[in-house]
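As stored in model_23.txt (compact mmCIF, C-alpha atoms):
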# COMPACT_ATOMS: atom_id res chain seq x y z
CA MET A 97 18.70 22.36 73.45
CA THR A 98 20.37 24.00 70.53
CA VAL A 99 21.05 22.39 67.19
CA SER A 100 23.85 23.62 65.05
CA ARG A 101 23.13 25.07 61.67
CA GLY A 102 25.08 22.31 59.92
CA LYS A 103 22.99 19.55 61.53
CA MET A 104 19.80 21.34 60.53
CA GLU A 105 20.94 21.43 56.90
CA ILE A 106 21.82 17.73 56.96
CA PHE A 107 18.43 16.86 58.47
CA ALA A 108 16.56 18.93 55.86
CA THR A 109 18.51 17.36 53.03
CA ASN A 110 17.80 13.83 54.24
CA PHE A 111 14.12 14.63 54.68
CA VAL A 112 13.80 15.95 51.09
CA MET A 113 15.70 12.99 49.64
CA CYS A 114 13.46 10.56 51.50
CA ARG A 115 10.35 12.26 50.10
CA LEU A 116 11.79 12.15 46.57
CA ASN A 117 12.66 8.50 46.89
CA ARG A 118 9.09 7.72 47.93
CA VAL A 119 7.69 9.67 44.94
CA SER A 120 10.14 7.97 42.55
CA ARG A 121 9.20 4.55 43.85
CA ALA A 122 5.51 5.35 43.42
CA ILE A 123 6.10 6.49 39.84
CA LEU A 124 8.07 3.37 39.02
CA VAL A 125 5.38 1.14 40.48
CA LEU A 126 2.69 2.95 38.47
CA ALA A 127 4.73 2.68 35.26
CA ALA A 128 5.33 -1.02 35.83
CA ALA A 129 1.62 -1.59 36.38
CA CYS A 130 0.76 0.25 33.13
CA LEU A 131 3.38 -1.73 31.20
CA LEU A 132 2.06 -5.01 32.59
CA THR A 133 -1.52 -4.08 31.66
CA TRP A 134 -0.46 -3.17 28.11
CA ALA A 135 1.45 -6.45 27.73
CA VAL A 136 -1.54 -8.50 28.90
CA ASN A 137 -3.89 -6.69 26.50
CA ALA A 138 -1.47 -7.05 23.58
CA THR A 139 -1.08 -10.77 24.29
CA ARG A 140 -4.86 -11.18 24.37
CA VAL A 141 -5.28 -9.35 21.01
CA LEU A 142 -2.57 -11.43 19.34
CA ALA A 143 -4.10 -14.61 20.67
CA GLN A 144 -7.52 -13.66 19.31
CA HIS A 145 -6.19 -12.28 16.00
CA PRO A 146 -3.03 -14.20 15.01
CA HIS A 147 -3.25 -12.74 11.49
CA HIS A 148 -2.22 -9.37 12.95
CA ARG A 149 1.27 -10.50 13.87
CA PHE A 150 3.59 -9.96 10.92
CA LEU A 151 2.59 -6.96 8.84
CA PRO A 152 5.17 -6.14 6.16
CA ARG A 153 5.21 -2.48 5.22
CA GLU A 154 6.47 -1.13 1.96
CA HIS A 155 7.60 2.24 3.27
CA LEU A 156 8.64 3.54 6.64
CA SER A 157 6.16 5.99 8.11
CA VAL A 158 7.67 9.45 7.88
CA PRO A 159 6.07 12.82 8.66
CA ALA A 160 4.69 14.55 5.60
CA THR A 161 2.89 17.74 4.80
CA CYS A 162 -0.35 17.39 2.89
CA GLY A 163 -2.84 20.20 2.51
CA ALA A 164 -3.23 22.12 5.76
CA GLY A 165 -0.88 19.90 7.73
CA ALA A 166 -0.14 16.22 8.16
CA ASP A 167 -1.67 13.49 10.24
CA ILE A 168 1.35 11.50 11.33
CA VAL A 169 0.25 7.89 11.40
CA PRO A 170 2.82 5.43 12.76
CA ALA A 171 3.05 1.80 11.81
CA ARG A 172 0.11 0.06 13.46
CA MET A 173 -1.88 -3.09 13.79
CA PRO A 174 -5.09 -3.22 11.72
CA ASP A 175 -8.26 -2.33 13.53
CA PRO A 176 -10.01 -5.54 14.59
CA ALA A 177 -12.90 -6.18 12.21
CA PRO A 178 -16.36 -6.99 13.60
CA PRO A 179 -17.98 -10.36 12.92
CA ASN A 180 -18.51 -10.76 9.18
CA PRO A 181 -20.49 -10.94 6.97
CA TYR A 182 -21.87 -7.91 8.76
CA ARG A 183 -25.20 -8.22 6.98
CA THR A 184 -26.73 -10.51 4.34
CA TYR A 185 -29.78 -9.76 2.22
CA ARG A 186 -31.50 -10.72 -1.02
CA THR A 187 -32.44 -8.29 -3.75
CA SER A 188 -35.88 -8.18 -5.34
CA GLN A 189 -34.47 -10.44 -8.09
CA GLY A 190 -33.29 -13.01 -5.56
CA ILE A 191 -29.55 -12.19 -5.68
CA LEU A 192 -27.79 -12.94 -2.40
CA VAL A 193 -25.54 -10.05 -1.26
CA HIS A 194 -23.03 -10.27 1.59
CA LEU A 195 -22.00 -6.98 3.17
CA TYR A 196 -18.62 -7.02 4.97
CA ARG A 197 -17.67 -4.29 7.39
CA LEU A 198 -14.08 -3.10 6.83
CA PRO A 199 -11.50 -1.96 9.38
CA ARG A 200 -11.19 1.39 7.60
CA GLU A 201 -12.81 3.43 4.87
CA SER A 202 -12.19 1.87 1.46
CA THR A 203 -11.32 3.37 -1.91
CA ASP A 204 -12.31 2.34 -5.43
CA ALA A 205 -9.26 0.06 -5.78
CA LEU A 206 -10.64 -3.40 -4.99
CA ALA A 207 -10.60 -6.86 -6.56
CA VAL A 208 -11.74 -10.43 -5.86
CA ASN A 209 -10.53 -13.80 -7.11
CA GLY A 210 -12.23 -16.89 -5.77
CA ASN A 211 -12.66 -16.31 -2.03
CA THR A 212 -9.76 -13.85 -1.75
CA LEU A 213 -10.56 -10.16 -1.55
CA ILE A 214 -8.06 -7.29 -1.70
CA TRP A 215 -8.70 -3.58 -1.33
CA SER A 216 -6.96 -0.35 -0.44
CA SER A 217 -8.13 1.71 2.51
CA VAL A 218 -7.45 5.13 3.90
CA GLN A 219 -9.05 6.98 6.80
CA GLY A 220 -8.81 10.60 5.76
CA SER A 221 -7.00 12.07 2.77
CA ARG A 222 -3.85 12.97 4.70
CA GLN A 223 -3.13 9.61 6.24
CA TYR A 224 -1.24 6.56 5.14
CA PRO A 225 -3.07 4.17 2.77
CA GLU A 226 -2.98 0.43 3.40
CA LEU A 227 -3.51 -2.58 1.18
CA TYR A 228 -5.62 -5.32 2.78
CA GLU A 229 -6.28 -8.99 2.03
CA ALA A 230 -9.03 -11.19 3.47
CA ASP A 231 -10.62 -14.57 2.91
CA LEU A 232 -14.38 -14.25 2.50
CA ARG A 233 -14.97 -17.53 4.35
CA ALA A 234 -13.17 -16.33 7.50
CA PHE A 235 -13.00 -12.58 7.29
CA HIS A 236 -9.80 -11.61 9.13
CA PRO A 237 -8.19 -8.72 7.22
CA ARG A 238 -4.41 -8.48 7.17
CA ILE A 239 -2.25 -5.65 5.87
CA LEU A 240 -0.08 -6.46 2.85
CA ALA A 241 1.52 -3.04 2.34
CA GLN A 242 1.45 0.52 3.61
CA GLY A 243 1.95 3.47 1.30
CA THR A 244 3.18 7.01 1.81
CA ALA A 245 1.14 9.89 3.19
CA CYS A 246 -1.27 11.67 0.86
CA ASN A 247 -0.96 8.96 -1.85
CA VAL A 248 -3.62 6.28 -2.30
CA PHE A 249 -3.00 3.06 -4.21
CA PRO A 250 -4.48 3.87 -7.65
CA SER A 251 -4.51 0.30 -8.99
CA VAL A 252 -4.79 -3.17 -7.41
CA HIS A 253 -5.27 -6.49 -9.21
CA LEU A 254 -5.61 -10.11 -8.25
CA SER A 255 -5.08 -13.40 -10.11
CA PRO A 256 -4.84 -17.00 -8.88
CA ASN A 257 -1.07 -16.61 -8.38
CA TRP A 258 -0.42 -12.89 -7.93
CA ILE A 259 -1.42 -9.74 -6.09
CA VAL A 260 -0.29 -6.60 -7.92
CA TRP A 261 -0.55 -2.98 -6.82
CA VAL A 262 0.83 0.46 -7.66
CA SER A 263 2.40 2.46 -4.84
CA PRO A 264 3.00 6.16 -5.58
CA THR A 265 5.49 8.41 -3.81
CA ALA A 266 6.32 12.08 -4.25
CA GLN A 267 8.74 11.30 -7.09
CA SER A 268 7.55 8.13 -8.82
CA GLN A 269 5.07 5.28 -9.01
CA THR A 270 6.21 1.72 -8.36
CA VAL A 271 4.57 -1.53 -9.44
CA TRP A 272 4.80 -4.34 -6.88
CA ALA A 273 3.85 -8.00 -7.24
CA LEU A 274 3.31 -10.52 -4.44
CA ASP A 275 3.51 -14.24 -5.18
CA ARG A 276 0.51 -15.77 -3.38
CA ARG A 277 2.15 -19.20 -3.26
CA THR A 278 5.51 -18.25 -1.74
CA GLY A 279 4.81 -14.84 -0.19
CA ARG A 280 7.79 -13.36 -2.04
CA ARG A 281 7.52 -9.73 -3.13
CA TYR A 282 8.88 -8.37 -6.43
CA ARG A 283 9.54 -4.79 -7.47
CA VAL A 284 8.43 -4.98 -11.10
CA ALA A 285 8.84 -1.45 -12.45
CA SER A 286 9.02 2.21 -11.51
CA GLN A 287 7.75 5.17 -13.49
CA PRO A 288 8.90 8.72 -12.55
CA PHE A 289 6.29 11.45 -12.56
CA ALA A 290 6.44 13.20 -15.91
CA ALA A 291 3.79 14.96 -17.96
CA PRO A 292 3.77 16.63 -21.38
CA CYS A 293 0.95 18.90 -20.25
CA ALA A 294 0.98 21.87 -17.90
CA GLY A 295 1.28 20.14 -14.53
CA LEU A 296 0.91 16.58 -13.28
CA ALA A 297 -2.78 17.08 -12.50
CA CYS A 298 -3.64 16.52 -16.16
CA MET A 299 -2.17 13.00 -16.18
CA PRO A 300 -4.39 9.94 -15.70
CA PRO A 301 -3.83 7.61 -12.73
CA PHE A 302 -1.01 5.11 -13.17
CA GLU A 303 -2.88 1.83 -13.65
CA VAL A 304 -1.78 -1.67 -14.63
CA GLY A 305 -3.46 -4.73 -16.08
CA LEU A 306 -3.10 -8.35 -14.90
CA SER A 307 -4.26 -11.63 -16.41
CA GLY A 308 -2.88 -14.87 -15.00
CA ASN A 309 0.88 -14.32 -14.85
CA ASP A 310 0.94 -11.56 -17.50
CA LEU A 311 1.32 -7.98 -16.29
CA VAL A 312 1.12 -4.85 -18.46
CA TRP A 313 1.84 -1.22 -17.49
CA PRO A 314 2.33 2.14 -19.27
CA THR A 315 5.44 4.32 -19.56
CA ALA A 316 5.78 7.89 -20.81
CA LEU A 317 8.93 9.92 -21.48
CA PRO A 318 8.26 13.56 -22.48
CA GLU A 319 10.74 15.05 -24.94
CA ALA A 320 11.21 18.37 -26.71
CA ARG A 321 8.34 20.23 -28.41
CA GLY A 322 5.68 18.07 -26.77
CA MET A 323 7.00 14.82 -28.23
CA VAL A 324 6.30 11.83 -25.98
CA ARG A 325 7.76 8.35 -26.18
CA SER A 326 4.91 6.28 -24.77
CA SER A 327 4.75 2.49 -24.48
CA LEU A 328 2.77 -0.35 -23.00
CA LEU A 329 5.21 -2.83 -21.47
CA MET A 330 4.46 -6.47 -20.64
CA ARG A 331 6.16 -9.06 -18.47
CA THR A 332 5.32 -12.61 -17.50
CA LEU A 333 5.76 -12.78 -13.73
CA PRO A 334 8.00 -13.30 -11.96
CA ASN A 335 11.13 -13.25 -14.14
CA GLY A 336 10.00 -12.96 -17.74
CA SER A 337 11.65 -10.44 -20.04
CA VAL A 338 10.10 -6.98 -20.38
CA HIS A 339 8.96 -6.15 -23.90
CA ALA A 340 6.87 -3.41 -25.48
CA VAL A 341 3.56 -4.55 -26.96
CA PHE A 342 2.66 -1.06 -28.24
CA SER A 343 4.75 2.12 -28.63
CA THR A 344 4.32 5.58 -30.06
CA ASP A 345 6.65 8.55 -30.46
CA GLU A 346 4.37 11.43 -31.29
CA GLN A 347 3.40 14.87 -30.11
CA CYS A 348 1.18 15.14 -27.03
CA ALA A 349 0.05 11.48 -26.85
CA VAL A 350 0.16 9.08 -23.88
CA GLN A 351 -1.05 5.47 -23.48
CA SER A 352 -2.83 4.82 -20.18
CA SER A 353 -5.01 2.48 -18.09
CA PRO A 354 -4.33 -0.89 -19.79
CA GLN A 355 -6.55 -3.88 -19.00
CA LEU A 356 -5.87 -7.45 -20.06
CA ALA A 357 -8.09 -10.54 -20.38
CA GLY A 358 -8.49 -13.51 -22.70
CA GLY A 359 -5.59 -12.52 -24.97
CA VAL A 360 -7.03 -9.02 -25.55
CA LEU A 361 -5.42 -5.78 -24.37
CA VAL A 362 -7.48 -2.58 -24.13
CA TRP A 363 -6.32 0.85 -23.05
CA GLN A 364 -7.03 4.57 -23.09
CA ARG A 365 -5.05 7.00 -25.22
CA PHE A 366 -4.72 10.64 -24.21
CA ARG A 367 -4.09 13.14 -27.00
CA TRP A 368 -3.52 16.82 -26.35
CA THR A 369 -3.23 19.77 -28.74
CA TRP A 370 0.20 21.38 -29.04
CA LYS A 371 0.00 25.09 -28.28
CA LEU A 372 2.84 27.51 -28.82
CA VAL A 373 3.49 30.09 -26.11
CA PRO A 374 3.07 33.66 -27.47
CA GLY A 375 6.42 35.38 -27.90
CA PHE A 376 8.35 32.12 -28.18
CA THR A 377 7.08 30.84 -31.52
CA GLY A 378 10.47 31.00 -33.17
CA ARG A 379 12.03 28.92 -30.42
CA GLY A 380 9.32 26.33 -30.54
CA GLN A 381 8.26 26.71 -26.90
CA GLY A 382 4.80 25.49 -26.02
CA TYR A 383 2.74 22.96 -24.12
CA CYS A 384 0.11 20.23 -24.59
CA ASP A 385 -3.45 21.32 -23.80
CA SER A 386 -7.12 20.30 -24.26
CA ALA A 387 -6.90 16.53 -23.99
CA ARG A 388 -9.19 14.10 -25.77
CA THR A 389 -9.33 10.39 -25.07
CA ASP A 390 -9.67 7.32 -27.27
CA VAL A 391 -10.13 3.60 -26.55
CA LEU A 392 -7.96 1.07 -28.38
CA ALA A 393 -7.83 -2.75 -28.38
CA MET A 394 -5.16 -5.23 -29.44
CA ASN A 395 -5.28 -8.93 -30.17
CA LEU A 396 -2.05 -10.05 -28.47
CA ARG A 397 -1.69 -13.10 -30.74
CA THR A 398 -1.90 -11.21 -34.03
CA ARG A 399 -0.85 -7.76 -32.66
CA ARG A 400 -3.71 -6.21 -34.62
CA VAL A 401 -4.88 -2.91 -33.15
CA ILE A 402 -8.34 -1.42 -33.63
CA ILE A 403 -9.77 1.90 -32.47
CA VAL A 404 -12.81 1.03 -30.35
CA ASN A 405 -13.95 4.60 -29.79
CA GLN A 406 -12.51 7.92 -30.91
CA LYS A 407 -15.12 10.37 -29.68
CA PRO A 408 -14.18 13.03 -27.09
CA GLY A 409 -14.85 12.20 -23.45
CA THR A 410 -14.12 8.46 -23.40
CA SER A 411 -13.43 6.78 -20.06
CA ARG A 412 -11.08 3.98 -19.04
CA PRO A 413 -12.12 0.71 -20.75
CA SER A 414 -12.61 -2.84 -19.45
CA THR A 415 -12.58 -6.19 -21.23
CA ASN A 416 -13.18 -9.89 -20.64
CA GLY A 417 -11.52 -10.97 -23.89
CA ARG A 418 -14.63 -10.80 -26.05
CA TYR A 419 -16.38 -7.59 -25.02
CA VAL A 420 -15.00 -4.09 -24.42
CA SER A 421 -16.93 -1.60 -22.28
CA TRP A 422 -16.44 2.13 -21.73
CA GLU A 423 -18.31 5.29 -20.80
CA GLN A 424 -18.86 8.12 -23.23
CA GLY A 425 -19.78 11.64 -22.15
CA GLN A 426 -18.38 14.06 -19.62
CA CYS A 427 -15.33 11.90 -19.00
CA PHE A 428 -11.65 12.65 -18.61
CA LEU A 429 -9.95 10.88 -15.75
CA ASP A 430 -13.33 9.71 -14.45
CA CYS A 431 -16.84 10.01 -15.76
CA TYR A 432 -19.28 12.44 -14.16
CA ALA A 433 -22.21 11.74 -16.48
CA GLY A 434 -21.43 9.14 -19.10
CA THR A 435 -23.32 6.70 -21.30
CA LEU A 436 -22.21 3.07 -21.01
CA PHE A 437 -21.37 1.20 -24.23
CA LYS A 438 -20.01 -2.22 -25.06
CA LEU A 439 -18.49 -3.68 -28.22
CA ASP A 440 -18.53 -7.36 -29.20
CA LEU A 441 -15.07 -7.96 -30.70
CA TRP A 442 -16.26 -11.18 -32.35
CA THR A 443 -19.23 -9.72 -34.23
CA GLY A 444 -18.43 -6.00 -34.24
CA LEU A 445 -21.83 -5.21 -32.68
CA ARG A 446 -21.81 -1.98 -30.63
CA THR A 447 -24.64 -1.46 -28.12
CA GLN A 448 -25.63 1.10 -25.51
CA VAL A 449 -26.01 -0.54 -22.11
CA ASP A 450 -27.12 2.32 -19.87
CA GLY A 451 -26.92 6.08 -19.48
CA PRO A 452 -26.51 8.93 -19.37
CA MET A 453 -25.48 9.11 -15.67
CA VAL A 454 -23.01 6.21 -15.47
CA LYS A 455 -19.97 7.08 -13.37
CA ALA A 456 -17.81 3.93 -13.47
CA GLN A 457 -17.88 0.39 -14.83
CA ARG A 458 -15.89 -2.84 -14.49
CA MET A 459 -16.00 -5.99 -16.60
CA ALA A 460 -14.68 -9.38 -15.50
CA GLY A 461 -15.65 -12.93 -16.32
CA SER A 462 -19.19 -12.98 -17.69
CA MET A 463 -20.45 -9.93 -15.79
CA LEU A 464 -20.44 -6.19 -16.40
CA VAL A 465 -21.14 -4.05 -13.32
CA TRP A 466 -21.54 -0.27 -13.15
CA HIS A 467 -22.35 2.65 -10.84
CA ARG A 468 -25.10 5.06 -11.90
CA GLU A 469 -26.21 8.31 -10.33
CA GLY A 470 -29.22 10.45 -11.00
CA GLY A 471 -32.95 10.46 -10.50
CA HIS A 472 -33.60 9.73 -6.84
CA GLY A 473 -30.35 8.07 -5.80
CA ILE A 474 -27.35 5.87 -6.59
CA THR A 475 -27.67 2.42 -8.13
CA ILE A 476 -25.30 -0.52 -8.64
CA GLU A 477 -26.36 -2.59 -11.65
CA ALA A 478 -24.94 -5.58 -13.50
CA GLN A 479 -25.49 -7.31 -16.81
CA ASP A 480 -24.96 -10.96 -17.72
CA LEU A 481 -22.82 -10.72 -20.87
CA GLN A 482 -23.97 -14.16 -22.03
CA THR A 483 -27.71 -13.53 -21.88
CA GLY A 484 -28.00 -9.74 -21.65
CA ARG A 485 -30.13 -9.94 -18.50
CA ARG A 486 -29.77 -6.98 -16.12
CA TYR A 487 -29.79 -6.96 -12.33
CA VAL A 488 -30.26 -4.16 -9.80
CA LEU A 489 -27.91 -5.12 -6.98
CA ALA A 490 -28.24 -2.07 -4.71
CA HIS A 491 -30.01 1.26 -4.58
CA GLU A 492 -29.73 4.05 -2.05
CA PRO A 493 -31.85 7.20 -2.28
CA TYR A 494 -30.28 10.58 -1.81
CA GLY A 495 -30.65 11.97 1.68
CA GLU A 496 -28.77 13.09 4.73
CA GLY A 497 -27.33 10.14 6.62
CA ALA A 498 -28.03 7.63 3.85
CA PRO A 499 -25.25 5.15 2.95
CA ILE A 500 -23.21 5.99 -0.13
CA LEU A 501 -22.73 3.37 -2.86
CA ASP A 502 -19.18 3.68 -4.14
CA LEU A 503 -17.49 2.36 -7.25
CA PRO A 504 -17.42 -1.30 -8.34
CA GLY A 505 -14.25 -3.38 -8.24
CA TRP A 506 -12.70 -6.09 -10.38
CA GLY A 507 -14.91 -9.16 -10.14
CA TRP A 508 -14.31 -12.85 -10.84
CA GLY A 509 -16.49 -15.16 -12.89
CA ARG A 510 -20.05 -14.32 -11.85
CA ARG A 511 -18.98 -12.71 -8.58
CA VAL A 512 -19.18 -8.90 -8.49
CA ILE A 513 -18.07 -6.49 -5.77
CA TRP A 514 -18.53 -2.84 -4.89
CA ALA A 515 -17.74 -0.53 -1.98
CA GLU A 516 -20.13 1.33 0.31
CA ARG A 517 -19.70 4.03 2.95
CA GLU A 518 -21.80 5.16 5.87
CA PHE A 519 -21.37 8.47 7.65
CA LEU A 520 -21.81 8.01 11.39
CA PRO A 521 -21.23 10.46 14.28
CA ARG A 522 -17.98 8.66 15.17
CA GLY A 523 -16.70 8.76 11.59
CA ILE A 524 -16.94 7.06 8.21
CA VAL A 525 -17.50 3.31 8.15
CA GLY A 526 -16.52 1.33 5.06
CA TYR A 527 -18.21 -1.78 3.69
CA MET A 528 -17.56 -4.25 0.89
CA ALA A 529 -20.50 -5.85 -0.91
CA VAL A 530 -20.10 -9.23 -2.62
CA ALA A 531 -22.82 -10.70 -4.84
CA ASP A 532 -22.84 -14.06 -6.60
CA ILE A 533 -25.14 -13.99 -9.62
CA PRO A 534 -26.41 -17.46 -10.60
CA PRO A 535 -26.52 -18.48 -14.27
CA SER A 536 -29.65 -17.26 -16.01

What do you get writing this file as structure tokens?
Amino acid sequence: MTVSRGKMEIFATNFVMCRLNRVSRAILVLAAACLLTWAVNATRVLAQHPHHRFLPREHLSVPATCGAGADIVPARMPDPAPPNPYRTYRTSQGILVHLYRLPRESTDALAVNGNTLIWSSVQGSRQYPELYEADLRAFHPRILAQGTACNVFPSVHLSPNWIVWVSPTAQSQTVWALDRRTGRRYRVASQPFAAPCAGLACMPPFEVGLSGNDLVWPTALPEARGMVRSSLLMRTLPNGSVHAVFSTDEQCAVQSSPQLAGGVLVWQRFRWTWKLVPGFTGRGQGYCDSARTDVLAMNLRTRRVIIVNQKPGTSRPSTNGRYVSWEQGQCFLDCYAGTLFKLDLWTGLRTQVDGPMVKAQRMAGSMLVWHREGGHGITIEAQDLQTGRRYVLAHEPYGEGAPILDLPGWGWGRRVIWAEREFLPRGIVGYMAVADIPPS
């Protein structure tokens, strides 16, 4: 029996189409099964972690180039945190320390007020930083804001009514405030990147100070011949008027890193030397170079300003309204090997607390806490400002695989906090340590 060529072509076409339909149906069934599995898992996660549902982000995630390429991190749910506190222990002096394991690696921007803890986290220097909040009694971190790639949050603060943070971008730095009672977010101020010195790398981090409802932040506007109009601005949140509490208009000088407590404002002043560029002396061309740093304090009621320290190499100061603390030594933006001092504003007594390997310090309430390196390891220590008694809160010896004690954060009352990191084969794990120091 013979079959015409046309019938053979029709038969072949039908056979191929049938095969394709079977393959397409199989693919669709597989895709539907995967989608159903994903939906079930997502529903289970949301049921177990309802705090993960609504995560407001400050910026849209956009690709960025940072260093040798960019890690493009889309908007995401926070990594589920393990049961917390992760570990609890007592020091040799009987201080109870709770160690909380964090969803991601933390930075040195952290603060506590009551049982509320906030911190900024970033997993790798080229990814998107996130600002977290958690209640220490039921540790379920939630994301408050997400920043832009390659830019960490340099400053976070917490008061009974407000959460304040600084979010940098490629062009400017913006101060945000979140009302803890209503959940409303306010854009308080924005400062464009500008520096009187040769490049932005010489400028200190853009930091703010918060006390109650009062917020203070620095501004700097470079002008001709190294002149800088620099101010410390204050506003009572949410809708108070903005006013300058301190201003200068001088050559190569910038106010920075204000901190506020108990009606006292302290800050760091950067002063460079004006250098003329050879060959352009007649035209007045030059730049600011070789910075030195001072610490100043102001009584906000009387507006009286005193110079706390004017020696080269002074770090960012802290205050609780009566005392001012700072590091003195190999300091510029941060200390590498400084000596810790404090000044009693009531009596004028200046004392050395520790040194010479203090790297960072924070003062809040009645406690001063600091990070010291040297000798055989890293130590976190604290001092009761009322009695002068000192406490060793943590110590880790140097060694491969040993946990790293990071910088302390802004405490509350007699509660102090600091960050820790552990390098594991699967990556870096971040921790937050919280210690309540009983009255002496």

Wanna dump the stretch 241-297 of chain A-stretch 508-516 of chain A contacts at 12 Å for me, each residue with its shortest atom pair and the distance in Å to one decimal, counting all atoms listed in the file, ordered by chain and number, as a Markdown table?
| residue | atom | partner | partner_atom | distance |
| --- | --- | --- | --- | --- |
| A:His253 | CA | A:Trp508 | CA | 11.2 |
| A:Leu254 | CA | A:Trp508 | CA | 9.5 |
| A:Ser255 | CA | A:Trp508 | CA | 9.3 |
| A:Pro256 | CA | A:Trp508 | CA | 10.5 |

Inset, instruction - Would you mind reading off the distance between atom CA of A:Asn247 and atom CA of A:Gly210, one decimal, in Å? - result: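 Computing it gives 28.5 Å between the two atoms.
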
Inset, instruction - Give me, please, the distance in Å between atom CA of A:Asn335 and atom CA of A:Arg412, quoted to one decimal. - result: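 Going from atom CA of A:Asn335 over to atom CA of A:Arg412, I get 28.5 Å.
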
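Proximity ranking of A:Pro318, A:Pro225, A:Gly305, A:Gly484 relative to A:Thr244 places A:Pro225 first, based on all atoms listed in the file.
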
Inset, instruction - Enumerate, as a VMD selection string, the protein, DNA and RNA residues whose atoms approach (-28.4, -15.3, -8.1) to within 6 Å, taking into account all atoms listed in the file and the coordinate frame of the file. - result: chain A and resid 190 to 191 532 to 534
